[in-house]
file model15.cif (mmCIF, C-alpha atoms, pLDDT in the B column; chains and numbers go by the auth columns)
data_data
#
loop_
_atom_site.group_PDB
_atom_site.id
_atom_site.type_symbol
_atom_site.label_atom_id
_atom_site.label_comp_id
_atom_site.label_asym_id
_atom_site.label_seq_id
_atom_site.Cartn_x
_atom_site.Cartn_y
_atom_site.Cartn_z
_atom_site.B_iso_or_equiv
_atom_site.auth_seq_id
_atom_site.auth_asym_id
ATOM 1 C CA MET A 1 -6.743 -14.178 -20.632 82.00 1 U
ATOM 2 C CA THR A 2 -10.339 -15.128 -21.322 84.00 2 U
ATOM 3 C CA GLU A 3 -13.427 -13.421 -19.923 86.00 3 U
ATOM 4 C CA ARG A 4 -13.893 -16.324 -17.527 89.00 4 U
ATOM 5 C CA GLU A 5 -10.293 -16.075 -16.301 89.00 5 U
ATOM 6 C CA TYR A 6 -10.715 -12.326 -15.864 88.00 6 U
ATOM 7 C CA ASN A 7 -13.816 -12.893 -13.715 89.00 7 U
ATOM 8 C CA GLN A 8 -11.894 -15.425 -11.628 90.00 8 U
ATOM 9 C CA CYS A 9 -9.137 -12.858 -11.202 89.00 9 U
ATOM 10 C CA VAL A 10 -11.683 -10.312 -9.964 89.00 10 U
ATOM 11 C CA ASN A 11 -13.138 -12.821 -7.489 90.00 11 U
ATOM 12 C CA LEU A 12 -9.726 -13.916 -6.221 90.00 12 U
ATOM 13 C CA TYR A 13 -7.849 -10.623 -5.948 90.00 13 U
ATOM 14 C CA ALA A 14 -10.319 -7.745 -5.630 90.00 14 U
ATOM 15 C CA ASP A 15 -10.320 -7.792 -1.823 90.00 15 U
ATOM 16 C CA ASN A 16 -6.533 -8.061 -1.555 90.00 16 U
ATOM 17 C CA VAL A 17 -5.911 -5.194 -3.959 91.00 17 U
ATOM 18 C CA TYR A 18 -8.547 -3.049 -2.252 92.00 18 U
ATOM 19 C CA ARG A 19 -7.070 -3.685 1.236 90.00 19 U
ATOM 20 C CA PHE A 20 -3.583 -2.865 -0.011 89.00 20 U
ATOM 21 C CA ILE A 21 -4.666 0.394 -1.655 89.00 21 U
ATOM 22 C CA LEU A 22 -6.936 1.388 1.250 89.00 22 U
ATOM 23 C CA LYS A 23 -4.140 0.875 3.796 87.00 23 U
ATOM 24 C CA ASN A 24 -1.983 3.283 1.819 83.00 24 U
ATOM 25 C CA LEU A 25 -4.561 5.880 0.787 85.00 25 U
ATOM 26 C CA LYS A 26 -6.726 5.722 3.930 83.00 26 U
ATOM 27 C CA HIS A 27 -9.713 6.939 1.917 84.00 27 U
ATOM 28 C CA GLU A 28 -12.356 4.449 0.793 88.00 28 U
ATOM 29 C CA GLU A 29 -13.643 6.330 -2.247 88.00 29 U
ATOM 30 C CA ASP A 30 -10.157 6.954 -3.609 88.00 30 U
ATOM 31 C CA ALA A 31 -9.198 3.329 -2.979 89.00 31 U
ATOM 32 C CA ARG A 32 -12.276 2.111 -4.855 90.00 32 U
ATOM 33 C CA ASP A 33 -11.464 4.408 -7.772 90.00 33 U
ATOM 34 C CA VAL A 34 -7.874 3.177 -7.967 90.00 34 U
ATOM 35 C CA VAL A 35 -8.920 -0.492 -7.774 91.00 35 U
ATOM 36 C CA GLN A 36 -11.642 -0.016 -10.379 91.00 36 U
ATOM 37 C CA SER A 37 -9.157 1.674 -12.710 90.00 37 U
ATOM 38 C CA ALA A 38 -6.695 -1.159 -12.185 91.00 38 U
ATOM 39 C CA PHE A 39 -9.294 -3.792 -13.088 91.00 39 U
ATOM 40 C CA GLU A 40 -10.389 -1.712 -16.064 91.00 40 U
ATOM 41 C CA LYS A 41 -6.805 -1.571 -17.317 91.00 41 U
ATOM 42 C CA LEU A 42 -6.447 -5.320 -16.774 90.00 42 U
ATOM 43 C CA TRP A 43 -9.628 -5.854 -18.827 90.00 43 U
ATOM 44 C CA ARG A 44 -8.355 -3.677 -21.671 89.00 44 U
ATOM 45 C CA ASN A 45 -5.007 -5.508 -21.716 88.00 45 U
ATOM 46 C CA ARG A 46 -6.339 -9.003 -21.023 86.00 46 U
ATOM 47 C CA ASP A 47 -5.073 -10.281 -24.368 87.00 47 U
ATOM 48 C CA GLN A 48 -1.471 -9.489 -23.398 88.00 48 U
ATOM 49 C CA VAL A 49 -1.692 -10.760 -19.789 85.00 49 U
ATOM 50 C CA GLU A 50 -0.974 -14.362 -18.928 86.00 50 U
ATOM 51 C CA THR A 51 -3.425 -15.776 -16.393 84.00 51 U
ATOM 52 C CA GLU A 52 -0.584 -16.983 -14.148 87.00 52 U
ATOM 53 C CA ARG A 53 0.794 -13.436 -13.917 86.00 53 U
ATOM 54 C CA SER A 54 -2.522 -11.642 -13.510 86.00 54 U
ATOM 55 C CA LYS A 55 -2.114 -11.073 -9.747 88.00 55 U
ATOM 56 C CA SER A 56 1.312 -9.502 -10.124 87.00 56 U
ATOM 57 C CA TYR A 57 0.139 -7.464 -13.119 89.00 57 U
ATOM 58 C CA LEU A 58 -2.915 -6.257 -11.215 90.00 58 U
ATOM 59 C CA PHE A 59 -0.921 -5.210 -8.129 89.00 59 U
ATOM 60 C CA THR A 60 1.595 -3.443 -10.369 90.00 60 U
ATOM 61 C CA ILE A 61 -1.145 -1.450 -12.087 90.00 61 U
ATOM 62 C CA ALA A 62 -2.878 -0.647 -8.797 91.00 62 U
ATOM 63 C CA TYR A 63 0.402 0.394 -7.168 89.00 63 U
ATOM 64 C CA ASN A 64 1.322 2.716 -10.045 89.00 64 U
ATOM 65 C CA GLN A 65 -2.135 4.259 -10.129 89.00 65 U
ATOM 66 C CA MET A 66 -2.041 4.732 -6.360 89.00 66 U
ATOM 67 C CA ILE A 67 1.281 6.581 -6.652 86.00 67 U
ATOM 68 C CA ASP A 68 -0.156 8.755 -9.430 84.00 68 U
ATOM 69 C CA HIS A 69 -3.200 9.491 -7.290 84.00 69 U
ATOM 70 C CA ILE A 70 -1.075 10.423 -4.265 80.00 70 U
ATOM 71 C CA ARG A 71 1.033 12.771 -6.357 76.00 71 U
ATOM 72 C CA LYS A 72 -2.062 14.389 -7.839 76.00 72 U
ATOM 73 C CA VAL A 73 -3.665 14.895 -4.420 73.00 73 U
ATOM 74 C CA LYS A 74 -0.470 16.413 -3.040 68.00 74 U
ATOM 75 C CA ARG A 75 -0.463 18.946 -5.859 62.00 75 U
ATOM 76 C CA ILE A 76 -4.124 19.840 -5.349 60.00 76 U
ATOM 77 C CA ARG A 77 -4.299 20.290 -1.569 55.00 77 U
ATOM 78 C CA LEU A 78 -2.186 20.491 1.540 47.00 78 U
ATOM 79 C CA LYS A 79 -2.318 17.672 4.014 42.00 79 U
ATOM 80 C CA GLU A 80 -4.748 18.536 6.778 48.00 80 U
ATOM 81 C CA GLU A 81 -3.896 15.302 8.535 46.00 81 U
ATOM 82 C CA PHE A 82 -0.693 16.821 9.948 45.00 82 U
ATOM 83 C CA SER A 83 -2.520 18.570 12.764 46.00 83 U
ATOM 84 C CA GLU A 84 -4.399 15.352 13.523 49.00 84 U
ATOM 85 C CA GLU A 85 -1.148 13.368 13.681 48.00 85 U
ATOM 86 C CA THR A 86 0.380 15.973 15.987 48.00 86 U
ATOM 87 C CA ARG A 87 -2.628 15.853 18.302 51.00 87 U
ATOM 88 C CA ILE A 88 -2.491 12.049 18.500 50.00 88 U
ATOM 89 C CA SER A 89 1.250 11.942 19.146 50.00 89 U
ATOM 90 C CA GLN A 90 0.942 14.488 21.976 52.00 90 U
ATOM 91 C CA GLY A 91 -1.910 12.621 23.663 50.00 91 U
ATOM 92 C CA ASN A 92 -1.621 9.690 26.004 46.00 92 U
ATOM 93 C CA PRO A 93 -1.180 6.624 23.789 46.00 93 U
ATOM 94 C CA SER A 94 -1.588 4.166 26.663 46.00 94 U
ATOM 95 C CA GLY A 95 -5.341 4.299 26.060 44.00 95 U
ATOM 96 C CA GLN A 96 -4.954 3.705 22.337 50.00 96 U
ATOM 97 C CA ASN A 97 -5.116 0.224 21.032 65.00 97 U
ATOM 98 C CA LEU A 98 -2.315 -1.496 19.202 72.00 98 U
ATOM 99 C CA ARG A 99 -3.928 -0.976 15.809 74.00 99 U
ATOM 100 C CA LYS A 100 -3.908 2.813 16.146 79.00 100 U
ATOM 101 C CA ILE A 101 -0.255 2.782 17.166 78.00 101 U
ATOM 102 C CA LEU A 102 0.651 0.586 14.197 80.00 102 U
ATOM 103 C CA GLU A 103 -1.304 2.820 11.828 81.00 103 U
ATOM 104 C CA GLU A 104 0.452 5.870 13.260 82.00 104 U
ATOM 105 C CA ALA A 105 3.816 4.152 12.776 82.00 105 U
ATOM 106 C CA LEU A 106 2.986 3.268 9.161 84.00 106 U
ATOM 107 C CA SER A 107 1.764 6.795 8.463 84.00 107 U
ATOM 108 C CA ARG A 108 5.217 8.115 9.379 86.00 108 U
ATOM 109 C CA LEU A 109 6.783 6.199 6.489 87.00 109 U
ATOM 110 C CA ASN A 110 6.953 7.687 3.020 88.00 110 U
ATOM 111 C CA GLU A 111 4.679 6.200 0.368 86.00 111 U
ATOM 112 C CA THR A 112 7.347 3.884 -1.065 88.00 112 U
ATOM 113 C CA GLN A 113 8.389 2.508 2.324 89.00 113 U
ATOM 114 C CA ARG A 114 4.771 2.013 3.415 88.00 114 U
ATOM 115 C CA SER A 115 3.956 0.185 0.177 88.00 115 U
ATOM 116 C CA LEU A 116 6.981 -2.088 0.516 90.00 116 U
ATOM 117 C CA VAL A 117 6.103 -2.977 4.117 88.00 117 U
ATOM 118 C CA MET A 118 2.509 -3.700 3.116 86.00 118 U
ATOM 119 C CA LEU A 119 3.494 -5.810 0.096 87.00 119 U
ATOM 120 C CA LYS A 120 6.078 -7.841 2.027 86.00 120 U
ATOM 121 C CA ASP A 121 4.632 -8.189 5.519 82.00 121 U
ATOM 122 C CA TYR A 122 0.908 -7.910 4.854 79.00 122 U
ATOM 123 C CA GLU A 123 0.479 -9.428 1.390 79.00 123 U
ATOM 124 C CA GLY A 124 3.427 -11.843 1.596 80.00 124 U
ATOM 125 C CA TYR A 125 5.159 -11.069 -1.699 84.00 125 U
ATOM 126 C CA SER A 126 8.782 -12.043 -2.282 86.00 126 U
ATOM 127 C CA TYR A 127 11.459 -9.408 -2.849 89.00 127 U
ATOM 128 C CA GLU A 128 11.532 -10.287 -6.540 88.00 128 U
ATOM 129 C CA GLU A 129 7.750 -9.921 -6.920 87.00 129 U
ATOM 130 C CA ILE A 130 7.791 -6.608 -5.052 89.00 130 U
ATOM 131 C CA GLY A 131 10.525 -5.408 -7.376 90.00 131 U
ATOM 132 C CA ARG A 132 8.393 -6.232 -10.403 88.00 132 U
ATOM 133 C CA ILE A 133 5.350 -4.524 -8.889 86.00 133 U
ATOM 134 C CA THR A 134 7.154 -1.338 -7.851 88.00 134 U
ATOM 135 C CA GLY A 135 9.731 -1.143 -10.625 89.00 135 U
ATOM 136 C CA LEU A 136 12.614 -1.310 -8.136 90.00 136 U
ATOM 137 C CA SER A 137 15.516 -3.737 -8.215 92.00 137 U
ATOM 138 C CA GLU A 138 15.486 -6.566 -5.712 90.00 138 U
ATOM 139 C CA SER A 139 18.402 -5.003 -3.806 92.00 139 U
ATOM 140 C CA GLN A 140 16.604 -1.629 -3.675 92.00 140 U
ATOM 141 C CA VAL A 141 13.536 -3.352 -2.260 92.00 141 U
ATOM 142 C CA LYS A 142 15.657 -4.957 0.457 92.00 142 U
ATOM 143 C CA VAL A 143 17.415 -1.705 1.364 93.00 143 U
ATOM 144 C CA TYR A 144 14.236 0.408 1.410 92.00 144 U
ATOM 145 C CA LEU A 145 12.375 -2.254 3.373 92.00 145 U
ATOM 146 C CA HIS A 146 15.225 -2.500 5.891 92.00 146 U
ATOM 147 C CA ARG A 147 15.209 1.281 6.390 91.00 147 U
ATOM 148 C CA ALA A 148 11.419 1.308 6.762 91.00 148 U
ATOM 149 C CA ARG A 149 11.572 -1.396 9.422 89.00 149 U
ATOM 150 C CA ILE A 150 14.227 0.560 11.324 89.00 150 U
ATOM 151 C CA LEU A 151 11.951 3.616 11.330 89.00 151 U
ATOM 152 C CA LEU A 152 9.009 1.503 12.465 86.00 152 U
ATOM 153 C CA LYS A 153 11.073 -0.029 15.239 85.00 153 U
ATOM 154 C CA GLN A 154 12.291 3.366 16.437 84.00 154 U
ATOM 155 C CA PHE A 155 8.731 4.645 16.650 82.00 155 U
ATOM 156 C CA LEU A 156 7.240 1.511 18.205 78.00 156 U
ATOM 157 C CA VAL A 157 9.828 1.178 20.997 76.00 157 U
ATOM 158 C CA LYS A 158 9.350 4.719 22.276 71.00 158 U
ATOM 159 C CA PRO A 159 8.142 4.480 25.899 67.00 159 U
ATOM 160 C CA GLU A 160 4.938 6.398 25.126 64.00 160 U
ATOM 161 C CA ASN A 161 4.005 3.890 22.406 58.00 161 U
ATOM 162 C CA VAL A 162 4.648 0.689 24.366 60.00 162 U
ATOM 163 C CA LEU A 163 1.399 -0.766 25.706 53.00 163 U
#
call {"tool": "encode", "arguments": {"input": "model15.cif", "output": "structure tokens"}}
result
Amino acid sequence: MTEREYNQCVNLYADNVYRFILKNLKHEEDARDVVQSAFEKLWRNRDQVETERSKSYLFTIAYNQMIDHIRKVKRIRLKEEFSEETRISQGNPSGQNLRKILEEALSRLNETQRSLVMLKDYEGYSYEEIGRITGLSESQVKVYLHRARILLKQFLVKPENVL
């Protein structure tokens, strides 16, 4: 990959990678750090990366760094968001908009399930591409994604969540 191709990669995929990481981390600064690290790693390994595979390579790096970041944060501090989630779920969701309900549903998934849903339904990757990005087999991706969708459906069809 040349310097020019790297710059094209940055222009084409920076927003997509950032949105994907931000949806999972829900913290702008952390998302920027993860994306910057991913692009830095791509730059360092540009000689080994084929231009055609740069998007998949970039998402794979970003995904792995996001998982590392999540694990590190979990070790450092307890989640204070739990009380916030409890307060929201006990309130009257009829006044909430659809986006908040969807975000609440996604937040109930574990990090792997949430990432798979985002990669498949939001970014449009195939099962095979998701498998390469996450390091899972194609059949594991299908099973985990199916289970995640069942959990989402169960949450979204609750009477208090239906608009």
call {"tool": "resolve_selection", "arguments": {"input": "model15.cif", "expression": "the PyMOL selection byres ((chain U and resi 56-69) around 7)", "output": "JSON, numbers by chain"}}
result
{"U": [17, 21, 34, 35, 38, 42, 53, 54, 55, 70, 71, 72, 73, 133, 134]}
call {"tool": "atom_distance", "arguments": {"input": "model15.cif", "atom1": "CA of Leu12 in chain U", "atom2": "CA of Thr51 in chain U"}}
result
12.1 Å
call {"tool": "closest_residue", "arguments": {"input": "model15.cif", "among": "U:Lys158, U:Lys142, U:Arg114, U:Lys100", "to": "Asn24 in chain U", "atoms": "all atoms listed in the file"}}
result
U:Arg114
call {"tool": "closest_residue", "arguments": {"input": "model15.cif", "among": "U:Leu116, U:Leu136, U:Leu156, U:Val49", "to": "Leu98 in chain U", "atoms": "only C-alpha atoms"}}
result
U:Leu156
call {"tool": "closest_residue", "arguments": {"input": "model15.cif", "among": "U:Leu109, U:Ile130, U:Leu119, U:Leu22", "to": "Arg149 in chain U", "atoms": "all atoms listed in the file"}}
result
U:Leu109
